[in-house]
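**Student:** Sharing entry.txt (compact mmCIF, C-alpha atoms) below.
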```
# COMPACT_ATOMS: atom_id res chain seq x y z
CA MET A 1 -105.35 -11.88 140.00
CA ASP A 2 -105.75 -13.96 143.14
CA THR A 3 -108.65 -15.78 141.49
CA LEU A 4 -107.95 -19.35 140.34
CA PHE A 5 -109.53 -20.49 137.06
CA TYR A 6 -110.40 -24.17 136.65
CA ALA A 7 -111.19 -25.52 133.18
CA HIS A 8 -114.59 -27.23 133.25
CA ARG A 9 -114.04 -30.66 131.65
CA GLY A 10 -111.03 -28.99 130.04
CA SER A 11 -111.36 -25.96 127.80
CA SER A 12 -114.66 -27.38 126.64
CA HIS A 13 -115.72 -24.35 124.60
CA LYS A 14 -112.93 -25.11 122.10
CA PHE A 15 -112.81 -28.90 122.08
CA SER A 16 -115.24 -31.61 123.14
CA GLU A 17 -115.50 -32.01 126.90
CA ASN A 18 -113.28 -34.38 128.87
CA THR A 19 -111.08 -35.09 125.84
CA ARG A 20 -107.31 -35.05 125.50
CA ALA A 21 -107.58 -31.94 123.32
CA ALA A 22 -109.75 -30.07 125.82
CA TYR A 23 -107.37 -30.85 128.69
CA LEU A 24 -104.25 -29.94 126.72
CA GLN A 25 -105.85 -26.72 125.51
CA ALA A 26 -106.61 -25.77 129.12
CA ILE A 27 -103.05 -26.49 130.25
CA ASP A 28 -101.49 -24.64 127.33
CA GLU A 29 -103.77 -21.64 127.88
CA GLY A 30 -102.52 -21.39 131.47
CA ALA A 31 -105.52 -22.64 133.43
CA ASP A 32 -104.79 -22.87 137.15
CA GLY A 33 -106.63 -26.17 137.32
CA ILE A 34 -108.57 -28.78 135.39
CA GLU A 35 -111.90 -30.30 136.38
CA CYS A 36 -112.74 -33.81 135.20
CA ASP A 37 -115.59 -36.26 135.80
CA VAL A 38 -115.03 -39.96 136.41
CA HIS A 39 -116.95 -43.22 136.03
CA LEU A 40 -115.89 -46.87 136.11
CA THR A 41 -115.89 -48.92 132.92
CA GLN A 42 -117.07 -52.52 132.77
CA ASP A 43 -113.48 -53.69 133.26
CA GLY A 44 -112.94 -51.48 136.29
CA ILE A 45 -110.96 -48.61 134.75
CA VAL A 46 -111.54 -45.06 135.97
CA VAL A 47 -112.43 -43.10 132.85
CA CYS A 48 -112.86 -39.35 132.33
CA HIS A 49 -116.45 -38.90 131.19
CA HIS A 50 -119.40 -36.89 132.48
CA ASP A 51 -122.65 -38.69 131.66
CA PRO A 52 -123.56 -42.19 132.82
CA THR A 53 -124.15 -43.00 129.13
CA VAL A 54 -122.09 -42.27 126.01
CA ASP A 55 -125.17 -41.21 124.03
CA ARG A 56 -124.69 -37.42 124.15
CA THR A 57 -120.92 -37.33 123.76
CA SER A 58 -120.06 -40.08 121.27
CA ASP A 59 -121.15 -41.79 118.08
CA SER A 60 -122.41 -44.75 120.09
CA THR A 61 -125.06 -45.49 122.72
CA GLY A 62 -125.13 -47.29 126.03
CA LEU A 63 -123.94 -47.09 129.63
CA VAL A 64 -120.31 -46.32 130.41
CA SER A 65 -120.51 -49.17 132.92
CA GLY A 66 -121.44 -51.53 130.09
CA PHE A 67 -118.30 -50.93 128.01
CA THR A 68 -114.66 -51.85 128.50
CA LEU A 69 -112.07 -49.11 128.15
CA SER A 70 -110.93 -50.52 124.80
CA GLN A 71 -114.51 -50.46 123.53
CA MET A 72 -114.88 -46.83 124.55
CA LYS A 73 -111.56 -45.99 122.91
CA ALA A 74 -113.06 -47.17 119.61
CA MET A 75 -115.81 -44.53 119.86
CA ASP A 76 -115.62 -40.97 118.54
CA PHE A 77 -115.91 -38.41 121.36
CA THR A 78 -115.04 -35.35 119.27
CA GLY A 79 -118.51 -34.47 118.01
CA VAL A 80 -119.75 -32.24 120.86
CA ILE A 81 -117.44 -29.44 119.68
CA PRO A 82 -116.35 -30.61 116.20
CA ASN A 83 -113.27 -28.41 115.83
CA LEU A 84 -110.16 -29.57 114.01
CA ILE A 85 -107.79 -31.08 116.57
CA PRO A 86 -104.15 -29.92 116.28
CA ALA A 87 -101.64 -32.70 115.64
CA GLY A 88 -100.06 -32.23 119.05
CA TYR A 89 -103.37 -32.89 120.79
CA GLY A 90 -103.74 -36.50 119.66
CA GLN A 91 -105.62 -38.49 117.05
CA GLU A 92 -109.39 -39.01 117.07
CA ASN A 93 -109.05 -42.42 118.77
CA GLU A 94 -106.83 -40.92 121.49
CA GLN A 95 -109.34 -38.39 122.81
CA LEU A 96 -111.07 -40.47 125.49
CA LEU A 97 -108.80 -40.75 128.53
CA SER A 98 -108.59 -42.86 131.61
CA LEU A 99 -107.76 -40.96 134.79
CA ALA A 100 -104.33 -42.57 134.71
CA GLU A 101 -103.77 -41.19 131.20
CA LEU A 102 -104.80 -37.72 132.35
CA PHE A 103 -102.09 -37.90 134.98
CA GLU A 104 -99.62 -38.87 132.25
CA ILE A 105 -100.54 -35.69 130.37
CA LEU A 106 -100.08 -33.55 133.48
CA GLU A 107 -96.68 -35.18 134.06
CA GLU A 108 -95.63 -34.54 130.45
CA ARG A 109 -96.52 -30.85 130.67
CA GLY A 110 -94.86 -30.65 134.08
CA GLN A 111 -96.15 -27.30 135.36
CA PRO A 112 -97.95 -26.80 138.68
CA ILE A 113 -101.69 -27.30 138.24
CA GLY A 114 -104.82 -28.18 140.18
CA LEU A 115 -106.85 -31.28 139.39
CA ALA A 116 -110.45 -31.38 140.62
CA ILE A 117 -111.88 -34.88 140.21
CA GLU A 118 -115.66 -35.15 140.29
CA ILE A 119 -116.87 -38.61 141.33
CA LYS A 120 -120.15 -39.30 139.56
CA HIS A 121 -122.96 -41.01 141.46
CA PRO A 122 -125.16 -42.95 141.48
CA SER A 123 -122.71 -45.58 140.22
CA PRO A 124 -123.63 -49.23 139.68
CA PHE A 125 -120.25 -50.05 141.20
CA GLY A 126 -120.86 -48.20 144.48
CA HIS A 127 -117.70 -47.25 146.36
CA LEU A 128 -115.54 -49.29 143.99
CA LEU A 129 -115.49 -46.02 142.04
CA GLU A 130 -113.86 -44.17 144.94
CA ASP A 131 -111.48 -47.08 145.49
CA GLY A 132 -110.48 -46.95 141.83
CA VAL A 133 -109.82 -43.23 142.01
CA LEU A 134 -107.73 -43.61 145.15
CA LYS A 135 -105.71 -46.39 143.48
CA VAL A 136 -104.88 -44.15 140.52
CA LEU A 137 -103.97 -41.34 142.92
CA ALA A 138 -101.72 -43.65 144.95
CA ASP A 139 -99.95 -44.66 141.73
CA ASN A 140 -99.25 -40.96 141.18
CA HIS A 141 -97.72 -40.14 144.57
CA PHE A 142 -100.88 -38.66 146.09
CA ASP A 143 -100.50 -37.35 149.64
CA ARG A 144 -103.89 -37.82 151.35
CA SER A 145 -103.11 -35.06 153.84
CA THR A 146 -101.84 -32.27 151.59
CA GLY A 147 -103.39 -33.25 148.26
CA THR A 148 -100.10 -33.03 146.37
CA ALA A 149 -99.47 -35.57 143.62
CA GLY A 150 -97.14 -36.08 140.68
CA SER A 151 -93.45 -36.88 140.54
CA LYS A 152 -92.55 -33.37 141.68
CA ASN A 153 -95.62 -32.72 143.88
CA GLN A 154 -96.74 -30.32 141.15
CA ILE A 155 -100.37 -31.46 141.00
CA ALA A 156 -102.85 -30.23 143.63
CA VAL A 157 -105.67 -32.77 143.82
CA THR A 158 -109.14 -32.21 145.25
CA LEU A 159 -112.07 -34.63 145.18
CA MET A 160 -115.66 -33.57 144.52
CA SER A 161 -119.13 -35.09 144.44
CA PHE A 162 -122.78 -34.13 144.63
CA GLU A 163 -123.27 -37.28 146.72
CA PRO A 164 -122.39 -36.64 150.40
CA GLU A 165 -121.97 -40.35 151.07
CA SER A 166 -119.13 -40.42 148.54
CA LEU A 167 -117.31 -37.68 150.46
CA ARG A 168 -118.01 -39.38 153.79
CA TYR A 169 -116.41 -42.52 152.41
CA LEU A 170 -113.37 -40.58 151.18
CA SER A 171 -113.05 -38.68 154.46
CA ARG A 172 -112.09 -41.91 156.22
CA THR A 173 -108.64 -41.64 154.66
CA VAL A 174 -108.46 -38.24 152.91
CA ASN A 175 -108.10 -34.84 154.59
CA LYS A 176 -111.53 -33.14 154.57
CA GLU A 177 -109.88 -29.92 153.38
CA LEU A 178 -109.39 -31.68 150.03
CA LEU A 179 -113.08 -32.57 149.70
CA CYS A 180 -115.59 -30.43 147.79
CA GLN A 181 -119.33 -30.81 148.31
CA LEU A 182 -121.10 -29.89 145.07
CA ILE A 183 -124.58 -28.36 145.17
CA THR A 184 -126.97 -27.39 142.42
CA GLU A 185 -130.56 -26.64 141.61
CA VAL A 186 -132.51 -29.81 140.83
CA ASP A 187 -133.54 -29.36 137.20
CA ALA A 188 -135.25 -31.43 134.54
CA SER A 189 -132.10 -31.98 132.44
CA TRP A 190 -130.29 -33.55 135.37
CA VAL A 191 -133.27 -35.78 136.06
CA ASP A 192 -133.44 -36.82 132.39
CA GLU A 193 -129.74 -37.72 132.45
CA LEU A 194 -130.18 -40.09 135.37
CA VAL A 195 -133.45 -41.54 134.16
CA SER A 196 -131.72 -42.42 130.87
CA THR A 197 -129.52 -44.95 132.68
CA GLY A 198 -132.56 -47.10 133.45
CA GLN A 199 -131.48 -47.51 137.07
CA MET A 200 -134.34 -45.45 138.56
CA GLY A 201 -137.68 -44.02 137.60
CA ARG A 202 -138.29 -40.27 137.45
CA ALA A 203 -139.90 -39.98 140.90
CA ALA A 204 -137.04 -41.91 142.50
CA VAL A 205 -134.49 -39.72 140.76
CA TYR A 206 -136.11 -36.54 142.07
CA GLU A 207 -136.09 -38.02 145.57
CA VAL A 208 -132.39 -38.87 145.35
CA LEU A 209 -131.44 -35.43 144.01
CA TYR A 210 -133.39 -33.46 146.59
CA ARG A 211 -131.92 -35.67 149.31
CA SER A 212 -128.39 -35.12 148.07
CA VAL A 213 -128.83 -31.32 148.12
CA ALA A 214 -130.26 -31.31 151.66
CA GLU A 215 -127.64 -33.75 152.93
CA GLY A 216 -124.90 -31.83 151.12
CA ILE A 217 -125.80 -28.62 152.96
CA GLU A 218 -125.89 -30.54 156.23
CA PHE A 219 -122.53 -32.17 155.45
CA ILE A 220 -120.93 -28.75 154.91
CA ASP A 221 -122.52 -27.31 158.06
CA GLN A 222 -121.14 -30.25 160.05
CA GLY A 223 -117.63 -29.51 158.85
CA GLY A 224 -117.36 -32.49 156.51
CA ALA A 225 -115.83 -30.63 153.56
CA GLY A 226 -113.27 -27.85 153.29
CA ILE A 227 -114.50 -26.72 149.87
CA ILE A 228 -118.00 -25.67 148.84
CA GLY A 229 -119.03 -26.15 145.22
CA PRO A 230 -122.43 -24.67 144.43
CA GLY A 231 -123.43 -23.61 140.93
CA VAL A 232 -123.78 -19.96 139.95
CA ALA A 233 -127.59 -19.98 140.05
CA TRP A 234 -127.67 -21.69 143.44
CA THR A 235 -125.14 -19.19 144.80
CA ARG A 236 -127.19 -16.22 143.65
CA ALA A 237 -130.38 -17.72 145.11
CA ASN A 238 -128.69 -18.62 148.40
CA GLU A 239 -126.17 -15.82 148.81
CA LYS A 240 -126.69 -15.57 152.58
CA ILE A 241 -125.76 -19.23 153.08
CA VAL A 242 -122.70 -18.90 150.85
CA ARG A 243 -121.58 -15.78 152.73
CA GLU A 244 -121.87 -17.69 156.01
CA TRP A 245 -119.74 -20.53 154.64
CA LEU A 246 -117.13 -18.08 153.36
CA GLY A 247 -117.16 -16.37 156.74
CA ARG A 248 -116.23 -19.70 158.34
CA GLY A 249 -113.12 -19.81 156.16
CA LEU A 250 -114.32 -22.42 153.66
CA THR A 251 -112.94 -22.29 150.13
CA ALA A 252 -115.53 -21.74 147.40
CA ARG A 253 -115.16 -23.17 143.89
CA ILE A 254 -118.21 -22.06 141.89
CA TRP A 255 -119.31 -23.50 138.55
CA THR A 256 -119.97 -23.10 135.63
CA VAL A 257 -118.87 -19.48 135.28
CA ASP A 258 -118.70 -18.29 131.67
CA ARG A 259 -120.17 -14.77 131.85
CA PRO A 260 -117.96 -11.89 133.08
CA ALA A 261 -120.90 -10.49 135.05
CA ASP A 262 -121.22 -13.72 137.01
CA ALA A 263 -117.47 -13.87 137.55
CA GLN A 264 -117.30 -10.31 138.86
CA TYR A 265 -120.26 -10.94 141.16
CA LEU A 266 -118.53 -14.00 142.62
CA VAL A 267 -115.18 -12.26 143.05
CA ASN A 268 -116.93 -9.40 144.85
CA LEU A 269 -118.62 -12.01 147.05
CA GLY A 270 -115.21 -13.33 148.11
CA VAL A 271 -115.02 -16.41 145.88
CA ASN A 272 -111.51 -17.07 144.60
CA GLN A 273 -111.97 -20.24 142.51
CA LEU A 274 -114.07 -20.22 139.35
CA THR A 275 -114.77 -23.22 137.11
CA SER A 276 -115.34 -22.19 133.49
CA ASN A 277 -115.68 -23.68 130.02
CA ARG A 278 -113.59 -20.74 128.81
CA PRO A 279 -111.07 -20.04 131.60
CA ALA A 280 -108.45 -18.15 129.59
CA GLU A 281 -110.94 -15.75 128.04
CA LEU A 282 -112.75 -15.21 131.33
CA ARG A 283 -109.48 -14.37 133.09
CA ARG A 284 -108.63 -11.78 130.41
CA GLU A 285 -112.09 -10.22 130.61
CA LEU A 286 -111.88 -9.86 134.39
CA GLU A 287 -108.37 -8.41 134.25
CA GLN A 288 -109.56 -5.77 131.77
CA ASN A 289 -112.33 -4.59 134.13
```
Taking this structure as input, can you express it in the form of structure tokens?
**Tutor:**
Amino acid sequence: MDTLFYAHRGSSHKFSENTRAAYLQAIDEGADGIECDVHLTQDGIVVCHHDPTVDRTSDSTGLVSGFTLSQMKAMDFTGVIPNLIPAGYGQENEQLLSLAELFEILEERGQPIGLAIEIKHPSPFGHLLEDGVLKVLADNHFDRSTGTAGSKNQIAVTLMSFEPESLRYLSRTVNKELLCQLITEVDASWVDELVSTGQMGRAAVYEVLYRSVAEGIEFIDQGGAGIIGPGVAWTRANEKIVREWLGRGLTARIWTVDRPADAQYLVNLGVNQLTSNRPAELRRELEQN
């Protein structure tokens, strides 16, 4: 198939999201790419983690920004999907990864693969988060024009965010074709996640989210990003807009696609990159149709 399958936070239907095991499972299953989320720790390390807090994903509580990397390493992040981890996928205290450690894994495996890095905002560190990501990328031979990275240029890096200002900041030095503007429906669970950080009240969070969606659409229409990244529900509700973007030659990477019916709909629409919690199974199901 011409369709590329990205593993959403790794193969996160088999092992807990954004863990060493989930990433290795995705690579070993033959995923075309891996998607990861990044925050900054208290000591300035770019860490692979989705939520602004560790509450949902670990046996501890608190803000990612309030812990050092070593403190987070002492937590258990395997409980979201409590499957037995094979010996080759690391011990329990090796499951949380920094972005630098994720690159080490990709280097060890060695095969060509995509890496889609989602920069999570709002961040208490502002653009220090982007600077930290770019530093890790530079340490791994990242070409800001082509997106290639790794010792053999085997890693194809793209950078994503729901926050248009993050992509504007990156576009000062990174080719816009490597930037993906994410878009989603504004829902209560997303609001709850941000409210839990204590940085903003509920009304302020809604305002920020609605602004980011409107500005994200405007950013794409102005040619700021080469990749569009709406969710499945948003794509179905706004098919005309997505068709127009595809007609302009933009790449579409749609998330989170776990149902074959959604995948077939998107392929028929002209989408050739799907982000899934179960990429290997989804590929097989599409190939059988």
**Student:** So which residues touch Ile27 of chain A within 12 Å, counting all atoms listed in the file, skipping near sequence neighbours fewer than 3 positions away, as a ChimeraX atom specification?
**Tutor:** /A:5-11,20-24,30-35,89,102,105-115,279-280
**Student:** Write out as a list in words which residues come within 7 Å of Ala225 of chain A when counting all atoms listed in the file, dropping same-chain ones fewer than 6 positions away.
**Tutor:**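 Once the adjacent positions are removed, what remains is Lys176, Glu177, Leu179, Cys180 and Gln181 of chain A.
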**Student:** Emit as JSON the padded axis-aligned box for all listed atoms of segment 214-222 of chain A, 4 Å per side, with centre and edge lengths in Å to one decimal.
**Tutor:**
```
{"center_x": -125.6, "center_y": -30.5, "center_z": 155.6, "size_x": 17.3, "size_y": 14.4, "size_z": 16.9}
```
**Student:** Give the answer as one residue: which of A:Phe77, A:Phe67, A:Tyr206, A:Trp255 has the shortest atom-to-atom distance to Trp234 of chain A, using all atoms listed in the file?
**Tutor:**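 Of all the options, A:Trp255 lies closest to Trp234 of chain A.
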**Student:** What does the distance from atom CA of His50 of chain A to atom CA of Ile228 of chain A come to in Å, to one decimal?
**Tutor:**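 Atom CA of Ile228 of chain A lies at a distance of 19.9 Å from atom CA of His50 of chain A.
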**Student:** Which residue is closest to Glu17 of chain A? Choose from A:His141, A:Arg56, A:Arg202, A:Lys120 and count only C-alpha atoms.
**Tutor:**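 So, comparing all the options, the nearest one is A:Arg56.
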**Student:** Can you measure atom CA of Met160 of chain A to atom CA of Met200 of chain A for me? One decimal in Å is fine.
**Tutor:**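 Atom CA of Met160 of chain A sits 22.9 Å away from atom CA of Met200 of chain A.
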**Student:** Interatomic distance between atom CA of Leu170 of chain A and atom CA of Pro124 of chain A?
**Tutor:**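 Calculated distance between atom CA of Leu170 of chain A and atom CA of Pro124 of chain A is 17.7 Å.
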**Student:** Do a neighbour search on Val213 of chain A at 8 Å with all atoms listed in the file, toss out local chain neighbours closer than 5 positions, and write the hits as a PDB file with C-alpha atoms, in the coordinates of the input.
**Tutor:**
```pdb
ATOM      1  CA  PHE A 162    -122.780 -34.130 144.630  1.00  0.00           C
ATOM      2  CA  ILE A 183    -124.580 -28.360 145.170  1.00  0.00           C
ATOM      3  CA  THR A 184    -126.970 -27.390 142.420  1.00  0.00           C
TER       4      THR A 184
END
```
**Student:** Select, from A:Gly147, A:Pro122, A:Gly88, A:Gly223, the residue with the minimum atom-to-atom distance to Asp28 of chain A, counting all atoms listed in the file.
**Tutor:** A:Gly88
**Student:** Do a neighbour search on Phe103 of chain A at 10 Å with only C-alpha atoms, toss out local chain neighbours closer than 5 positions, and write the hits as a list in words.
**Tutor:**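 Result of the neighbour search: Leu97, Ser98, Glu108, Arg109, Leu115, Val136, Leu137, Asp139, Asn140, Ala149, Gly150 and Ile155 of chain A.
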**Student:** Compare A:Gly270, A:Gly66, A:Pro230, A:Gly198 by their minimum atom-to-atom distance to Val257 of chain A, counting all atoms listed in the file, and give me the closest one.
**Tutor:** A:Pro230
**Student:** Write out as a Markdown table the residues of segment 160-272 of chain A that have any atom within 10 Å of an atom of segment 283-286 of chain A, one row each with the nearest atom pair and its distance in Å to one decimal, counting all atoms listed in the file, sorted by chain and then rising number.
**Tutor:**
```
| residue | atom | partner | partner_atom | distance |
| --- | --- | --- | --- | --- |
| A:Arg259 | CA | A:Glu285 | CA | 9.4 |
| A:Pro260 | CA | A:Leu286 | CA | 6.5 |
| A:Ala261 | CA | A:Leu286 | CA | 9.1 |
| A:Ala263 | CA | A:Leu286 | CA | 7.6 |
| A:Gln264 | CA | A:Leu286 | CA | 7.0 |
| A:Val267 | CA | A:Leu286 | CA | 9.6 |
```
**Student:** Find the residues around Leu178 of chain A up to 12 Å (all atoms listed in the file counted), leave out those fewer than 2 positions away in its own chain, and share them as a PyMOL selection string.
**Tutor:** chain A and resi 114-117+142-148+156-161+167+170-171+173-176+180-181+224-228+250-253
**Student:** Measuring between all atoms listed in the file, which one of A:Lys14, A:Arg248, A:Lys240, A:His39 shows the shortest distance to Asp221 of chain A?
**Tutor:**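 Of A:Lys14, A:Arg248, A:Lys240, A:His39, the one nearest Asp221 of chain A, counting all atoms listed in the file, is A:Arg248.
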**Student:** Quick one: of A:Glu239, A:Glu287, A:Glu207, A:Asp187, who's nearest to Leu266 of chain A, counting all atoms listed in the file?
**Tutor:** A:Glu239
**Student:** Export segment 18-124 of chain A of the preceding structure, keeping C-alpha atoms, as a tab-separated table (two decimals), in the first residue's frame.
**Tutor:**
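Okay, decode14.tsv is ready:
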```tsv
chain	number	residue	atom	x	y	z
A	18	ASN	CA	5.02	6.65	24.98
A	19	THR	CA	7.02	3.85	26.61
A	20	ARG	CA	10.11	2.03	25.40
A	21	ALA	CA	8.02	-1.11	24.91
A	22	ALA	CA	5.36	0.67	22.85
A	23	TYR	CA	7.97	2.25	20.57
A	24	LEU	CA	9.93	-0.97	20.11
A	25	GLN	CA	6.74	-2.90	19.41
A	26	ALA	CA	5.84	-0.39	16.70
A	27	ILE	CA	9.27	-0.62	15.08
A	28	ASP	CA	9.34	-4.41	15.22
A	29	GLU	CA	5.83	-4.63	13.75
A	30	GLY	CA	6.99	-2.58	10.75
A	31	ALA	CA	5.32	0.76	11.40
A	32	ASP	CA	6.32	3.37	8.83
A	33	GLY	CA	6.63	5.97	11.56
A	34	ILE	CA	6.32	6.68	15.26
A	35	GLU	CA	4.45	9.58	16.85
A	36	CYS	CA	5.60	10.87	20.22
A	37	ASP	CA	4.63	13.76	22.50
A	38	VAL	CA	7.17	15.92	24.30
A	39	HIS	CA	7.35	18.12	27.40
A	40	LEU	CA	10.24	19.64	29.32
A	41	THR	CA	11.15	18.32	32.76
A	42	GLN	CA	12.14	20.57	35.65
A	43	ASP	CA	15.81	20.08	34.73
A	44	GLY	CA	15.25	20.98	31.09
A	45	ILE	CA	15.21	17.52	29.50
A	46	VAL	CA	12.86	16.82	26.60
A	47	VAL	CA	10.81	13.83	27.71
A	48	CYS	CA	8.35	11.66	25.78
A	49	HIS	CA	5.04	12.04	27.58
A	50	HIS	CA	1.58	13.17	26.53
A	51	ASP	CA	-0.20	14.82	29.47
A	52	PRO	CA	1.05	17.89	31.32
A	53	THR	CA	0.75	15.79	34.50
A	54	VAL	CA	1.84	12.23	35.30
A	55	ASP	CA	-1.44	11.45	37.08
A	56	ARG	CA	-3.13	9.37	34.35
A	57	THR	CA	-0.07	7.49	33.13
A	58	SER	CA	1.98	6.71	36.24
A	59	ASP	CA	1.80	5.66	39.87
A	60	SER	CA	2.52	9.23	40.95
A	61	THR	CA	0.91	12.67	40.69
A	62	GLY	CA	2.08	16.11	39.71
A	63	LEU	CA	3.22	18.21	36.76
A	64	VAL	CA	5.86	16.91	34.38
A	65	SER	CA	7.45	20.35	34.66
A	66	GLY	CA	7.78	19.85	38.41
A	67	PHE	CA	9.91	16.69	38.21
A	68	THR	CA	13.47	16.04	37.12
A	69	LEU	CA	14.09	13.29	34.59
A	70	SER	CA	15.58	11.06	37.29
A	71	GLN	CA	12.48	11.54	39.44
A	72	MET	CA	10.24	10.56	36.54
A	73	LYS	CA	12.42	7.54	35.82
A	74	ALA	CA	11.59	6.29	39.32
A	75	MET	CA	7.87	6.23	38.48
A	76	ASP	CA	5.97	3.31	36.95
A	77	PHE	CA	4.51	4.21	33.54
A	78	THR	CA	3.41	0.69	32.59
A	79	GLY	CA	-0.06	0.71	34.16
A	80	VAL	CA	-2.11	2.19	31.29
A	81	ILE	CA	-1.82	-1.10	29.37
A	82	PRO	CA	-0.51	-3.54	32.02
A	83	ASN	CA	0.81	-6.23	29.67
A	84	LEU	CA	3.90	-8.26	30.47
A	85	ILE	CA	6.89	-6.53	28.87
A	86	PRO	CA	9.26	-8.84	26.94
A	87	ALA	CA	12.83	-8.90	28.23
A	88	GLY	CA	14.12	-7.24	25.09
A	89	TYR	CA	11.86	-4.24	25.61
A	90	GLY	CA	13.46	-3.05	28.84
A	91	GLN	CA	12.81	-3.19	32.57
A	92	GLU	CA	9.96	-1.36	34.31
A	93	ASN	CA	12.25	1.55	35.28
A	94	GLU	CA	13.46	1.89	31.68
A	95	GLN	CA	10.07	2.59	30.10
A	96	LEU	CA	9.97	6.39	30.34
A	97	LEU	CA	12.23	7.88	27.67
A	98	SER	CA	13.78	11.20	26.93
A	99	LEU	CA	13.65	12.25	23.29
A	100	ALA	CA	17.39	11.62	23.10
A	101	GLU	CA	16.84	8.05	24.30
A	102	LEU	CA	14.16	7.52	21.68
A	103	PHE	CA	16.70	8.47	19.04
A	104	GLU	CA	19.09	5.93	20.55
A	105	ILE	CA	16.44	3.24	20.06
A	106	LEU	CA	15.87	4.25	16.44
A	107	GLU	CA	19.63	4.15	15.85
A	108	GLU	CA	19.89	0.69	17.41
A	109	ARG	CA	17.13	-0.71	15.20
A	110	GLY	CA	18.64	1.06	12.19
A	111	GLN	CA	15.82	0.80	9.65
A	112	PRO	CA	14.28	3.76	7.81
A	113	ILE	CA	11.42	5.22	9.83
A	114	GLY	CA	9.44	8.41	10.30
A	115	LEU	CA	9.41	10.28	13.60
A	116	ALA	CA	6.56	12.72	14.21
A	117	ILE	CA	7.27	14.83	17.30
A	118	GLU	CA	4.28	16.57	18.84
A	119	ILE	CA	5.25	19.65	20.86
A	120	LYS	CA	2.78	20.03	23.71
A	121	HIS	CA	1.52	23.50	24.63
A	122	PRO	CA	0.76	25.43	26.71
A	123	SER	CA	4.16	24.85	28.33
A	124	PRO	CA	5.36	26.73	31.41
```
